[in-house]
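File shown: start.pdb (PDB, C-alpha atoms).
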```
ATOM      1  CA  MET A   1     -12.006  13.062  27.305
ATOM      2  CA  ILE A   2      -8.785  14.670  28.483
ATOM      3  CA  LYS A   3     -10.280  18.138  28.308
ATOM      4  CA  TYR A   4     -12.637  17.310  31.169
ATOM      5  CA  PHE A   5      -9.621  16.887  33.391
ATOM      6  CA  ILE A   6      -8.190  20.288  32.583
ATOM      7  CA  PRO A   7     -10.329  22.164  35.145
ATOM      8  CA  LEU A   8      -9.447  19.517  37.718
ATOM      9  CA  LEU A   9      -5.794  20.000  36.940
ATOM     10  CA  PHE A  10      -6.160  23.753  37.393
ATOM     11  CA  PHE A  11      -7.976  23.201  40.648
ATOM     12  CA  VAL A  12      -5.239  20.944  41.987
ATOM     13  CA  LEU A  13      -2.539  23.384  40.898
ATOM     14  CA  LEU A  14      -4.314  26.330  42.483
ATOM     15  CA  SER A  15      -4.944  24.369  45.678
ATOM     16  CA  PHE A  16      -1.283  23.493  45.839
ATOM     17  CA  PHE A  17      -0.199  27.134  45.638
ATOM     18  CA  LEU A  18      -2.820  28.296  48.131
ATOM     19  CA  TYR A  19      -1.934  25.489  50.527
ATOM     20  CA  ARG A  20       1.745  26.326  50.210
ATOM     21  CA  GLY A  21       0.917  29.951  50.948
ATOM     22  CA  LEU A  22      -0.564  28.989  54.318
ATOM     23  CA  SER A  23       2.791  27.873  55.650
ATOM     24  CA  LEU A  24       4.937  30.640  54.173
ATOM     25  CA  ASN A  25       6.233  33.315  56.482
ATOM     26  CA  PRO A  26       5.560  36.683  54.835
ATOM     27  CA  THR A  27       7.862  38.534  57.214
ATOM     28  CA  PHE A  28      10.831  36.448  56.128
ATOM     29  CA  VAL A  29      12.964  38.422  53.702
ATOM     30  CA  PRO A  30      15.728  36.411  52.058
ATOM     31  CA  SER A  31      19.003  38.161  52.659
ATOM     32  CA  PRO A  32      20.989  39.141  49.594
ATOM     33  CA  PHE A  33      24.115  38.957  51.782
ATOM     34  CA  ILE A  34      24.555  35.202  51.964
ATOM     35  CA  GLY A  35      27.769  34.427  50.085
ATOM     36  CA  GLN A  36      28.746  38.105  50.049
ATOM     37  CA  GLU A  37      31.561  39.844  51.821
ATOM     38  CA  VAL A  38      30.850  41.623  55.078
ATOM     39  CA  PRO A  39      30.119  45.288  54.319
ATOM     40  CA  ILE A  40      32.966  47.615  55.178
ATOM     41  CA  PHE A  41      32.271  49.482  58.380
ATOM     42  CA  SER A  42      34.009  51.498  61.029
ATOM     43  CA  LEU A  43      32.180  52.649  64.145
ATOM     44  CA  PRO A  44      32.951  53.955  67.622
ATOM     45  CA  ASP A  45      33.596  51.388  70.323
ATOM     46  CA  LEU A  46      30.553  51.298  72.615
ATOM     47  CA  LEU A  47      32.681  50.625  75.675
ATOM     48  CA  SER A  48      35.328  53.251  75.076
ATOM     49  CA  GLU A  49      35.145  56.887  76.079
ATOM     50  CA  ASN A  50      37.732  57.682  73.465
ATOM     51  CA  PRO A  51      35.932  58.629  70.229
ATOM     52  CA  SER A  52      38.908  57.635  68.097
ATOM     53  CA  SER A  53      38.728  54.061  69.340
ATOM     54  CA  LEU A  54      37.025  52.308  66.436
ATOM     55  CA  ILE A  55      35.574  48.886  65.739
ATOM     56  CA  SER A  56      35.817  47.817  62.112
ATOM     57  CA  ASN A  57      36.310  44.816  59.829
ATOM     58  CA  GLU A  58      39.943  44.951  60.919
ATOM     59  CA  SER A  59      38.924  43.945  64.455
ATOM     60  CA  VAL A  60      38.106  40.426  63.289
ATOM     61  CA  VAL A  61      40.310  39.146  60.510
ATOM     62  CA  ASN A  62      41.113  35.556  59.562
ATOM     63  CA  GLN A  63      38.612  34.012  61.894
ATOM     64  CA  THR A  64      35.088  32.729  61.863
ATOM     65  CA  TYR A  65      32.883  34.974  63.944
ATOM     66  CA  LEU A  66      29.364  36.118  64.693
ATOM     67  CA  ILE A  67      27.857  39.549  64.250
ATOM     68  CA  ASN A  68      24.907  40.143  66.528
ATOM     69  CA  VAL A  69      22.658  43.174  66.058
ATOM     70  CA  TRP A  70      21.087  44.240  69.322
ATOM     71  CA  ALA A  71      19.616  47.145  71.260
ATOM     72  CA  THR A  72      18.192  47.719  74.704
ATOM     73  CA  TRP A  73      14.771  48.600  73.253
ATOM     74  CA  CYS A  74      14.630  45.207  71.563
ATOM     75  CA  VAL A  75      12.679  42.630  73.558
ATOM     76  CA  GLY A  76      13.929  39.708  71.486
ATOM     77  CA  CYS A  77      17.496  40.689  72.330
ATOM     78  CA  ARG A  78      16.764  40.268  76.005
ATOM     79  CA  VAL A  79      15.272  36.866  75.254
ATOM     80  CA  GLU A  80      18.383  35.612  73.482
ATOM     81  CA  HIS A  81      20.948  37.302  75.705
ATOM     82  CA  GLY A  82      21.411  34.382  78.097
ATOM     83  CA  PHE A  83      21.992  32.048  75.193
ATOM     84  CA  LEU A  84      24.497  34.461  73.645
ATOM     85  CA  ASN A  85      26.416  34.420  76.927
ATOM     86  CA  GLU A  86      26.475  30.644  76.734
ATOM     87  CA  ILE A  87      27.670  30.621  73.116
ATOM     88  CA  SER A  88      30.411  33.116  73.826
ATOM     89  CA  LEU A  89      31.874  30.630  76.298
ATOM     90  CA  SER A  90      31.257  27.382  74.456
ATOM     91  CA  SER A  91      31.482  28.039  70.706
ATOM     92  CA  GLY A  92      35.037  29.306  70.392
ATOM     93  CA  LEU A  93      33.741  32.132  68.191
ATOM     94  CA  PRO A  94      34.210  35.810  68.908
ATOM     95  CA  ILE A  95      30.945  37.744  68.828
ATOM     96  CA  LEU A  96      30.954  41.227  67.380
ATOM     97  CA  GLY A  97      28.005  43.197  68.699
ATOM     98  CA  LEU A  98      26.374  45.880  66.597
ATOM     99  CA  ASN A  99      24.504  48.104  68.984
ATOM    100  CA  TRP A 100      21.742  49.612  66.876
ATOM    101  CA  ARG A 101      19.974  52.963  67.481
ATOM    102  CA  ASP A 102      20.526  52.859  71.181
ATOM    103  CA  GLU A 103      21.458  55.027  74.150
ATOM    104  CA  ARG A 104      25.051  54.408  75.098
ATOM    105  CA  ASN A 105      24.457  54.501  78.864
ATOM    106  CA  GLU A 106      21.503  52.151  78.675
ATOM    107  CA  ALA A 107      23.490  49.742  76.544
ATOM    108  CA  ILE A 108      26.371  49.722  79.012
ATOM    109  CA  ASN A 109      23.928  49.235  81.895
ATOM    110  CA  TRP A 110      22.346  46.300  80.095
ATOM    111  CA  LEU A 111      25.716  44.596  79.708
ATOM    112  CA  GLU A 112      26.556  45.180  83.355
ATOM    113  CA  THR A 113      23.328  43.560  84.526
ATOM    114  CA  LEU A 114      22.931  40.776  81.957
ATOM    115  CA  GLY A 115      26.582  40.012  81.187
ATOM    116  CA  ASN A 116      28.667  40.785  78.127
ATOM    117  CA  PRO A 117      28.991  38.045  75.499
ATOM    118  CA  TYR A 118      30.713  40.370  73.002
ATOM    119  CA  GLN A 119      34.394  40.653  72.171
ATOM    120  CA  PHE A 120      33.798  43.952  70.433
ATOM    121  CA  ILE A 121      30.789  46.205  70.306
ATOM    122  CA  ALA A 122      30.353  48.728  67.527
ATOM    123  CA  TYR A 123      28.051  51.601  68.409
ATOM    124  CA  ASP A 124      25.732  52.465  65.517
ATOM    125  CA  GLN A 125      23.773  55.307  67.005
ATOM    126  CA  LEU A 126      22.273  56.550  63.732
ATOM    127  CA  GLY A 127      21.618  53.153  62.178
ATOM    128  CA  GLU A 128      23.777  53.896  59.153
ATOM    129  CA  VAL A 129      25.898  50.771  59.246
ATOM    130  CA  ALA A 130      22.780  48.725  60.006
ATOM    131  CA  ILE A 131      21.417  49.793  56.608
ATOM    132  CA  ASP A 132      24.625  48.574  54.948
ATOM    133  CA  PHE A 133      24.022  45.216  56.632
ATOM    134  CA  GLY A 134      20.393  45.130  55.481
ATOM    135  CA  VAL A 135      19.182  45.049  59.079
ATOM    136  CA  TYR A 136      15.449  45.509  59.486
ATOM    137  CA  GLY A 137      14.618  43.890  62.813
ATOM    138  CA  ALA A 138      16.767  43.132  65.811
ATOM    139  CA  PRO A 139      17.980  40.707  66.908
ATOM    140  CA  GLU A 140      19.800  39.565  63.802
ATOM    141  CA  THR A 141      22.805  37.258  63.819
ATOM    142  CA  PHE A 142      25.277  36.835  60.979
ATOM    143  CA  LEU A 143      27.785  34.017  60.730
ATOM    144  CA  VAL A 144      30.960  35.091  58.936
ATOM    145  CA  ASN A 145      33.712  32.718  57.836
ATOM    146  CA  SER A 146      37.442  33.342  57.993
ATOM    147  CA  ASP A 147      37.443  34.779  54.450
ATOM    148  CA  GLY A 148      35.060  37.491  55.593
ATOM    149  CA  ILE A 149      32.093  35.985  53.723
ATOM    150  CA  ILE A 150      28.646  35.959  55.336
ATOM    151  CA  ILE A 151      27.536  32.339  55.297
ATOM    152  CA  TYR A 152      24.337  32.543  57.299
ATOM    153  CA  LYS A 153      21.930  35.056  58.724
ATOM    154  CA  HIS A 154      19.294  34.497  61.347
ATOM    155  CA  ILE A 155      16.576  36.997  62.230
ATOM    156  CA  SER A 156      14.762  36.765  65.602
ATOM    157  CA  PRO A 157      16.193  35.480  68.881
ATOM    158  CA  LEU A 158      18.734  32.682  68.736
ATOM    159  CA  THR A 159      17.617  29.450  70.340
ATOM    160  CA  PRO A 160      19.542  26.255  71.104
ATOM    161  CA  GLU A 161      17.502  24.471  68.378
ATOM    162  CA  ILE A 162      18.407  26.989  65.678
ATOM    163  CA  TRP A 163      21.988  27.018  66.849
ATOM    164  CA  GLN A 164      22.125  23.234  66.621
ATOM    165  CA  GLN A 165      20.401  23.001  63.251
ATOM    166  CA  GLU A 166      21.665  25.974  61.299
ATOM    167  CA  PHE A 167      24.825  27.283  62.898
ATOM    168  CA  ILE A 168      26.834  24.326  64.158
ATOM    169  CA  PRO A 169      26.990  22.492  60.785
ATOM    170  CA  ARG A 170      28.145  25.706  59.089
ATOM    171  CA  ILE A 171      30.684  26.423  61.821
ATOM    172  CA  ILE A 172      32.106  22.920  61.416
ATOM    173  CA  GLU A 173      32.331  23.509  57.685
ATOM    174  CA  SER A 174      34.188  26.757  58.228
ATOM    175  CA  CYS A 175      36.390  25.870  61.220
ATOM    176  CA  GLY A 176      36.740  22.139  60.751
ATOM    177  CA  SER A 177      35.397  21.450  64.223
ATOM    178  CA  TYR A 178      32.923  22.560  66.863
ATOM    179  CA  PRO A 179      33.722  24.344  69.094
ATOM    180  CA  CYS A 180      35.744  26.334  66.628
ATOM    181  CA  ALA A 181      39.472  26.163  67.270
ATOM    182  CA  SER A 182      40.667  29.711  66.739
ATOM    183  CA  LEU A 183      43.800  30.239  64.716
TER
ATOM    184  CA  MET B 184      -9.137  78.282  73.832
ATOM    185  CA  ARG B 185      -9.386  78.502  70.101
ATOM    186  CA  PHE B 186      -6.082  80.297  69.988
ATOM    187  CA  SER B 187      -4.300  77.548  71.932
ATOM    188  CA  LEU B 188      -5.827  74.923  69.655
ATOM    189  CA  ILE B 189      -4.425  76.720  66.655
ATOM    190  CA  LEU B 190      -1.064  76.913  68.416
ATOM    191  CA  VAL B 191      -1.118  73.181  69.029
ATOM    192  CA  LEU B 192      -1.898  72.568  65.368
ATOM    193  CA  ILE B 193       0.912  74.787  64.147
ATOM    194  CA  PHE B 194       3.317  73.234  66.598
ATOM    195  CA  SER B 195       2.438  69.666  65.642
ATOM    196  CA  VAL B 196       2.988  70.450  61.978
ATOM    197  CA  ASN B 197       6.422  71.772  62.841
ATOM    198  CA  LEU B 198       7.294  68.638  64.751
ATOM    199  CA  TRP B 199       6.693  66.488  61.703
ATOM    200  CA  SER B 200       8.239  68.800  59.204
ATOM    201  CA  GLN B 201      11.823  67.786  60.006
ATOM    202  CA  ASP B 202      11.162  64.489  58.319
ATOM    203  CA  LEU B 203       8.390  65.604  55.977
ATOM    204  CA  ILE B 204       8.650  64.735  52.361
ATOM    205  CA  GLN B 205       9.993  67.828  50.740
ATOM    206  CA  THR B 206       9.740  67.340  47.019
ATOM    207  CA  GLU B 207       7.480  65.532  44.596
ATOM    208  CA  TYR B 208      10.499  63.555  43.404
ATOM    209  CA  GLU B 209      11.161  62.317  46.935
ATOM    210  CA  ARG B 210       7.523  61.342  47.350
ATOM    211  CA  GLN B 211       7.264  59.277  44.193
ATOM    212  CA  LEU B 212      10.561  57.582  45.092
ATOM    213  CA  PHE B 213       9.512  56.788  48.671
ATOM    214  CA  GLU B 214       6.187  55.442  47.466
ATOM    215  CA  GLN B 215       8.015  52.790  45.468
ATOM    216  CA  ILE B 216      10.078  51.579  48.418
ATOM    217  CA  ARG B 217       8.752  49.194  51.010
ATOM    218  CA  CYS B 218       9.268  49.731  54.717
ATOM    219  CA  LEU B 219      10.531  46.338  55.853
ATOM    220  CA  VAL B 220       9.291  46.737  59.405
ATOM    221  CA  CYS B 221       5.662  47.344  58.490
ATOM    222  CA  GLN B 222       5.588  45.618  55.177
ATOM    223  CA  ASN B 223       2.359  47.003  53.829
ATOM    224  CA  GLN B 224       3.515  50.559  54.172
ATOM    225  CA  SER B 225       5.815  52.402  51.860
ATOM    226  CA  LEU B 226       8.661  54.610  52.995
ATOM    227  CA  ALA B 227       6.383  57.560  52.302
ATOM    228  CA  ASP B 228       3.809  56.383  54.880
ATOM    229  CA  SER B 229       5.816  54.743  57.597
ATOM    230  CA  GLN B 230       6.942  56.263  60.875
ATOM    231  CA  ALA B 231       8.990  53.223  61.899
ATOM    232  CA  PRO B 232      12.515  54.125  63.047
ATOM    233  CA  LEU B 233      14.014  52.122  60.199
ATOM    234  CA  ALA B 234      11.866  54.027  57.698
ATOM    235  CA  ILE B 235      13.125  57.311  59.129
ATOM    236  CA  ASP B 236      16.719  56.073  58.724
ATOM    237  CA  LEU B 237      16.051  54.888  55.196
ATOM    238  CA  ARG B 238      14.456  58.181  54.189
ATOM    239  CA  ARG B 239      17.527  59.976  55.486
ATOM    240  CA  GLU B 240      19.754  57.574  53.591
ATOM    241  CA  VAL B 241      17.809  57.962  50.338
ATOM    242  CA  ARG B 242      17.867  61.766  50.694
ATOM    243  CA  GLU B 243      21.627  61.618  51.070
ATOM    244  CA  LEU B 244      21.866  59.507  47.938
ATOM    245  CA  ILE B 245      19.718  61.994  46.031
ATOM    246  CA  GLU B 246      22.036  64.761  47.151
ATOM    247  CA  LEU B 247      25.015  62.720  46.033
ATOM    248  CA  GLY B 248      23.431  62.698  42.590
ATOM    249  CA  TYR B 249      22.292  59.066  42.471
ATOM    250  CA  SER B 250      19.706  58.337  39.809
ATOM    251  CA  GLU B 251      16.488  56.515  40.625
ATOM    252  CA  GLU B 252      17.958  53.287  39.218
ATOM    253  CA  GLN B 253      21.105  53.665  41.294
ATOM    254  CA  ILE B 254      19.085  54.250  44.458
ATOM    255  CA  PHE B 255      17.022  51.127  43.791
ATOM    256  CA  ASP B 256      20.259  49.197  43.170
ATOM    257  CA  TYR B 257      21.661  50.459  46.439
ATOM    258  CA  LEU B 258      18.577  49.308  48.333
ATOM    259  CA  THR B 259      18.177  45.921  46.650
ATOM    260  CA  GLN B 260      21.831  45.131  47.316
ATOM    261  CA  ARG B 261      21.023  45.479  51.004
ATOM    262  CA  TYR B 262      17.422  44.395  51.360
ATOM    263  CA  GLY B 263      16.758  42.300  48.263
ATOM    264  CA  ASP B 264      14.070  42.709  45.605
ATOM    265  CA  PHE B 265      11.414  42.720  48.298
ATOM    266  CA  VAL B 266      12.216  46.309  49.192
ATOM    267  CA  LEU B 267      10.773  47.500  45.887
ATOM    268  CA  TYR B 268       6.999  47.613  45.521
ATOM    269  CA  ARG B 269       7.259  47.247  41.781
ATOM    270  CA  PRO B 270       9.388  44.141  41.256
ATOM    271  CA  ARG B 271      12.069  44.483  38.649
ATOM    272  CA  PHE B 272      11.913  42.416  35.510
ATOM    273  CA  ASN B 273      14.534  39.699  35.814
ATOM    274  CA  THR B 274      14.635  35.933  35.344
ATOM    275  CA  VAL B 275      13.222  35.246  38.813
ATOM    276  CA  ASN B 276      10.506  37.878  38.607
ATOM    277  CA  ALA B 277       9.532  37.144  35.005
ATOM    278  CA  ILE B 278       6.729  34.845  36.161
ATOM    279  CA  LEU B 279       5.245  37.704  38.186
ATOM    280  CA  TRP B 280       5.157  39.956  35.171
ATOM    281  CA  LEU B 281       4.276  37.456  32.473
ATOM    282  CA  GLY B 282       2.116  35.059  34.511
ATOM    283  CA  PRO B 283      -1.117  37.071  34.461
ATOM    284  CA  ALA B 284      -0.788  37.848  30.746
ATOM    285  CA  CYS B 285      -0.202  34.143  30.029
ATOM    286  CA  MET B 286      -3.247  33.192  32.074
ATOM    287  CA  LEU B 287      -5.374  35.727  30.213
ATOM    288  CA  PHE B 288      -4.103  34.433  26.916
ATOM    289  CA  ILE B 289      -4.885  30.830  27.863
ATOM    290  CA  ALA B 290      -8.338  31.856  29.078
ATOM    291  CA  ILE B 291      -9.169  33.713  25.851
ATOM    292  CA  PHE B 292      -7.856  30.836  23.784
ATOM    293  CA  GLY B 293      -9.937  28.336  25.784
ATOM    294  CA  PHE B 294     -13.001  30.523  25.620
ATOM    295  CA  ILE B 295     -12.785  30.873  21.846
ATOM    296  CA  ARG B 296     -12.300  27.145  21.381
ATOM    297  CA  VAL B 297     -15.201  26.202  23.622
ATOM    298  CA  THR B 298     -17.638  28.708  22.123
ATOM    299  CA  ARG B 299     -16.645  27.835  18.539
ATOM    300  CA  THR B 300     -17.192  24.103  18.873
ATOM    301  CA  LYS B 301     -20.636  24.690  20.362
ATOM    302  CA  THR B 302     -21.988  26.841  17.562
TER
END
```
Would you write the structure of this file as structure tokens?
Amino acid sequence: MIKYFIPLLFFVLLSFFLYRGLSLNPTFVPSPFIGQEVPIFSLPDLLSENPSSLISNESVVNQTYLINVWATWCVGCRVEHGFLNEISLSSGLPILGLNWRDERNEAINWLETLGNPYQFIAYDQLGEVAIDFGVYGAPETFLVNSDGIIIYKHISPLTPEIWQQEFIPRIIESCGSYPCASL
Amino acid sequence: MRFSLILVLIFSVNLWSQDLIQTEYERQLFEQIRCLVCQNQSLADSQAPLAIDLRREVRELIELGYSEEQIFDYLTQRYGDFVLYRPRFNTVNAILWLGPACMLFIAIFGFIRVTRTKT
């Protein structure tokens, strides 16, 4: 008797997997960086004419901060820029910008017209550091805790909903409060 | 007219050649690596800016004397297992590798049982 149910069981199982597949996002790539230390980097300062002025891990030590990967050719970055400006004022977190494969002048222009939410901006003209961060589509935003561990990564423009749901609880965990009280 | 066409052809080949795949070793390596921007293309096929950067990076690693395994390690540390077209055999991926064989085994077993009881 039981054996007549075996095909049914298979059918249900298969349906479950196929149904599940409908709601999966194939462009989502889980980041191997969650729980890992921030890659070591050192790049020219976008806003400085002096080539020896560098932005590196040393620029942000002992504090929770955001790393935001952006570029002027990236439409999603324009979408989230207003919200980044808001966060930079309200969250108590410094934002480190990683300007990715961009023209320096255009990037500076962009900040002059749209506002600058970043404390520091590292200029990754060749996209070498971006590879070390596993970047594959801007905008990407990393949340780093005061031990220098990446605790969250978001790909695609930041929105108030995502900020509320994913970032704020983790910031509270890391800082003890929101907005984060800097040390 | 024909001459200028030929010129155009020669010139276009030269434009690409800066980033052309230079050795057979490079090609077979690139073919095993996924371009994460256009996910159904390998590094060997893709002209996405990230693919160009990754090809440059992999070339540098080859020059530094990295083995194929070390290059794959380097990439999976940054982009996860997804970057490899041929998933590695580990505890998470075991079901990918063993699943089809298990299914085949179950099917053969079932088939034999069903046909035997009928005859």
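The smallest atom-to-atom distance between Leu219 in chain B and any of A:Pro179, A:Pro30, A:Pro117, A:Pro157, using all atoms listed in the file, is found for A:Pro30.
Atom to atom, CA of Arg242 in chain B and CA of Asp102 in chain A stand 22.5 Å apart.
Interface residues of chain B facing chain A, defined by any atom at most 9 Å away and using all atoms listed in the file, are Cys218, Leu219, Val220, Gln222, Pro232, Leu233, Asp236, Leu237, Glu240, Leu258, Thr259, Gln260, Arg261, Tyr262, Gly263, Asp264 and Phe265 of chain B.
Take CA of Tyr19 in chain A and CA of Tyr152 in chain A: the distance between them is 28.0 Å.
One finds CA of Ala107 in chain A at 13.7 Å from CA of Pro44 in chain A.
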What does the PyMOL selection byres ((chain B and resi 251) around 12) select in this file, as a list in words? Tyr208, Glu209, Gln211, Leu212, Phe213, Gln215, Ile216, Val241, Arg242, Leu244, Ile245, Glu246, Leu247, Gly248, Tyr249, Ser250, Glu252, Gln253, Ile254, Phe255, Asp256, Tyr257, Leu258 and Leu267 of chain B
Return as a ChimeraX atom specification the set of residues that the PyMOL selection byres ((chain A and resi 121) around 7) yields on the displayed structure. /A:45-46,96-99,118-120,122-123
Using the chain letters and numbers from this file, what does the PyMOL selection byres ((chain A and resi 167-171) around 12) select? Give the answer as a PyMOL selection string. chain A and resi 63-66+87+90-93+141-146+150-154+158-166+172-182
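The smallest atom-to-atom distance between Pro139 in chain A and any of A:Asn109, A:Thr72, A:Gln125, A:Ser88, using all atoms listed in the file, is found for A:Thr72.
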Could you pull out every residue with an atom within 12 Å of (-4.0, 26.6, 31.7), file coordinates, counting all atoms listed in the file, and send them as a JSON list (two decimals) with C-alpha atoms, in the coordinates of the input?
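Writing the result to out08.json gives the following:
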```
[["chain", "number", "residue", "atom", "x", "y", "z"],
["A", 3, "LYS", "CA", -10.28, 18.14, 28.31],
["A", 5, "PHE", "CA", -9.62, 16.89, 33.39],
["A", 6, "ILE", "CA", -8.19, 20.29, 32.58],
["A", 7, "PRO", "CA", -10.33, 22.16, 35.15],
["A", 8, "LEU", "CA", -9.45, 19.52, 37.72],
["A", 9, "LEU", "CA", -5.79, 20.00, 36.94],
["A", 10, "PHE", "CA", -6.16, 23.75, 37.39],
["A", 11, "PHE", "CA", -7.98, 23.20, 40.65],
["A", 12, "VAL", "CA", -5.24, 20.94, 41.99],
["A", 13, "LEU", "CA", -2.54, 23.38, 40.90],
["A", 14, "LEU", "CA", -4.31, 26.33, 42.48],
["B", 282, "GLY", "CA", 2.12, 35.06, 34.51],
["B", 283, "PRO", "CA", -1.12, 37.07, 34.46],
["B", 284, "ALA", "CA", -0.79, 37.85, 30.75],
["B", 285, "CYS", "CA", -0.20, 34.14, 30.03],
["B", 286, "MET", "CA", -3.25, 33.19, 32.07],
["B", 287, "LEU", "CA", -5.37, 35.73, 30.21],
["B", 288, "PHE", "CA", -4.10, 34.43, 26.92],
["B", 289, "ILE", "CA", -4.88, 30.83, 27.86],
["B", 290, "ALA", "CA", -8.34, 31.86, 29.08],
["B", 291, "ILE", "CA", -9.17, 33.71, 25.85],
["B", 292, "PHE", "CA", -7.86, 30.84, 23.78],
["B", 293, "GLY", "CA", -9.94, 28.34, 25.78],
["B", 294, "PHE", "CA", -13.00, 30.52, 25.62]]
```
Taking all atoms of range 289-297 of chain B that the file lists, what box with edges along x, y and z, padded by 6 Å per side, do you get, with centre and edge lengths in Å to one decimal, as JSON?
```
{"center_x": -10.0, "center_y": 30.0, "center_z": 25.2, "size_x": 22.3, "size_y": 19.5, "size_z": 19.7}
```
Would you mind putting back N, CA and C atoms on range 102-117 of chain A, then writing it out as a compact mmCIF listing (two decimals), in the coordinates of the input?
```
# COMPACT_ATOMS: atom_id res chain seq x y z
N ASP A 102 20.70 53.05 69.75
CA ASP A 102 20.53 52.86 71.18
C ASP A 102 21.12 54.03 71.95
N GLU A 103 20.82 54.07 73.25
CA GLU A 103 21.46 55.03 74.15
C GLU A 103 22.68 54.35 74.74
N ARG A 104 23.81 55.03 74.64
CA ARG A 104 25.05 54.41 75.10
C ARG A 104 24.98 53.95 76.56
N ASN A 105 24.48 54.84 77.43
CA ASN A 105 24.46 54.50 78.86
C ASN A 105 23.57 53.29 79.15
N GLU A 106 22.42 53.28 78.46
CA GLU A 106 21.50 52.15 78.68
C GLU A 106 22.13 50.85 78.20
N ALA A 107 22.85 50.94 77.08
CA ALA A 107 23.49 49.74 76.54
C ALA A 107 24.54 49.21 77.51
N ILE A 108 25.31 50.14 78.08
CA ILE A 108 26.37 49.72 79.01
C ILE A 108 25.75 49.13 80.28
N ASN A 109 24.66 49.76 80.74
CA ASN A 109 23.93 49.24 81.90
C ASN A 109 23.45 47.82 81.68
N TRP A 110 22.89 47.61 80.49
CA TRP A 110 22.35 46.30 80.10
C TRP A 110 23.43 45.23 80.18
N LEU A 111 24.63 45.57 79.69
CA LEU A 111 25.72 44.60 79.71
C LEU A 111 26.19 44.32 81.13
N GLU A 112 26.13 45.38 81.97
CA GLU A 112 26.56 45.18 83.36
C GLU A 112 25.59 44.29 84.12
N THR A 113 24.30 44.40 83.80
CA THR A 113 23.33 43.56 84.53
C THR A 113 23.19 42.16 83.91
N LEU A 114 23.21 42.07 82.58
CA LEU A 114 22.93 40.78 81.96
C LEU A 114 24.19 40.02 81.53
N GLY A 115 25.34 40.65 81.62
CA GLY A 115 26.58 40.01 81.19
C GLY A 115 26.93 40.43 79.78
N ASN A 116 28.21 40.35 79.44
CA ASN A 116 28.67 40.78 78.13
C ASN A 116 29.24 39.62 77.31
N PRO A 117 28.50 39.16 76.32
CA PRO A 117 28.99 38.04 75.50
C PRO A 117 29.90 38.52 74.36
```
